[in-house]
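Participant: Take a look at this one; I'll ask things after.
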Amino acid sequence: MLEYGIIIQSLKLMRSKQLLRNLKKALKQDHLYSSDEIDFMKKQLSLLEGELSSKQKEFKGFGK
């Protein structure tokens, strides 16, 4: 059972990293969005970066 928990954690971490990359790509194309949407995406980006930094410190990887 413990292995499944580690796998789920790693999947969540991978999804978060993918979301982070997608947000950064979207912000590079700022001409497609309104200023409110850009502000929202920037706030979400900063929250996600904070979460990822704390998760990466907690997560040791497989078998460690």
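As shown in the structure tokens, the chain order sets the letters A, B, ...; within each chain, residues go from 1, and ligands are also counted from 1 in the order they appear.
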When DSSP is applied to the backbone of this structure, which of chain A are assigned helix (DSSP H, G or I)? Write them out as JSON, numbers by chain.

Facilitator: {"A": [2, 3, 4, 5, 6, 7, 8, 9, 10, 11, 12, 13, 14, 15, 16, 17, 18, 19, 20, 21, 22, 23, 24, 25, 26, 27, 28, 30, 31, 32, 35, 36, 37, 38, 39, 40, 41, 42, 43, 44, 45, 46, 47, 48, 49, 50, 51, 52, 53, 54, 55, 56, 57, 58]}

Participant: I need the chosen residues saved as a short mmCIF file (atom, residue, chain, number, x, y, z; two decimals), in the first residue's frame, with C-alpha atoms.

Facilitator:
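Below you can see part09.cif, which holds the result:
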```cif
data_model
loop_
_atom_site.label_atom_id
_atom_site.label_comp_id
_atom_site.auth_asym_id
_atom_site.auth_seq_id
_atom_site.Cartn_x
_atom_site.Cartn_y
_atom_site.Cartn_z
CA LEU A 2 2.83 2.38 0.72
CA GLU A 3 4.10 2.04 -2.85
CA TYR A 4 0.76 3.24 -4.24
CA GLY A 5 0.95 6.34 -2.08
CA ILE A 6 4.38 7.14 -3.46
CA ILE A 7 3.18 6.58 -7.01
CA ILE A 8 0.20 8.87 -6.48
CA GLN A 9 2.46 11.55 -5.00
CA SER A 10 4.81 11.37 -7.96
CA LEU A 11 1.88 11.61 -10.40
CA LYS A 12 0.55 14.68 -8.62
CA LEU A 13 4.01 16.21 -8.75
CA MET A 14 4.30 15.51 -12.48
CA ARG A 15 0.86 17.02 -13.14
CA SER A 16 1.78 20.10 -11.15
CA LYS A 17 4.98 20.52 -13.14
CA GLN A 18 3.03 20.18 -16.40
CA LEU A 19 0.52 22.78 -15.21
CA LEU A 20 3.39 25.09 -14.32
CA ARG A 21 4.87 24.75 -17.82
CA ASN A 22 1.47 25.35 -19.43
CA LEU A 23 0.83 28.47 -17.34
CA LYS A 24 4.22 29.88 -18.30
CA LYS A 25 3.53 29.23 -21.98
CA ALA A 26 0.12 30.87 -21.72
CA LEU A 27 1.58 33.94 -20.04
CA LYS A 28 4.06 34.34 -22.90
CA ASP A 30 -0.45 37.56 -23.16
CA HIS A 31 -2.06 39.18 -26.20
CA LEU A 32 -4.68 36.40 -26.13
CA SER A 35 -5.69 41.87 -18.00
CA ASP A 36 -7.93 40.19 -15.39
CA GLU A 37 -7.13 36.76 -16.79
CA ILE A 38 -3.42 37.53 -16.83
CA ASP A 39 -3.54 38.68 -13.21
CA PHE A 40 -5.38 35.50 -12.24
CA MET A 41 -2.86 33.31 -14.06
CA LYS A 42 0.06 35.10 -12.42
CA LYS A 43 -1.45 34.57 -8.97
CA GLN A 44 -2.06 30.89 -9.72
CA LEU A 45 1.49 30.57 -11.03
CA SER A 46 3.00 31.98 -7.86
CA LEU A 47 0.81 29.70 -5.70
CA LEU A 48 1.76 26.66 -7.75
CA GLU A 49 5.46 27.48 -7.60
CA GLY A 50 5.21 27.74 -3.81
CA GLU A 51 3.41 24.41 -3.56
CA LEU A 52 5.89 22.71 -5.86
CA SER A 53 8.88 23.93 -3.90
CA SER A 54 7.42 22.57 -0.66
CA LYS A 55 6.38 19.26 -2.30
CA GLN A 56 9.79 18.73 -3.84
CA LYS A 57 11.40 19.14 -0.44
CA GLU A 58 9.02 16.52 1.03
#
```
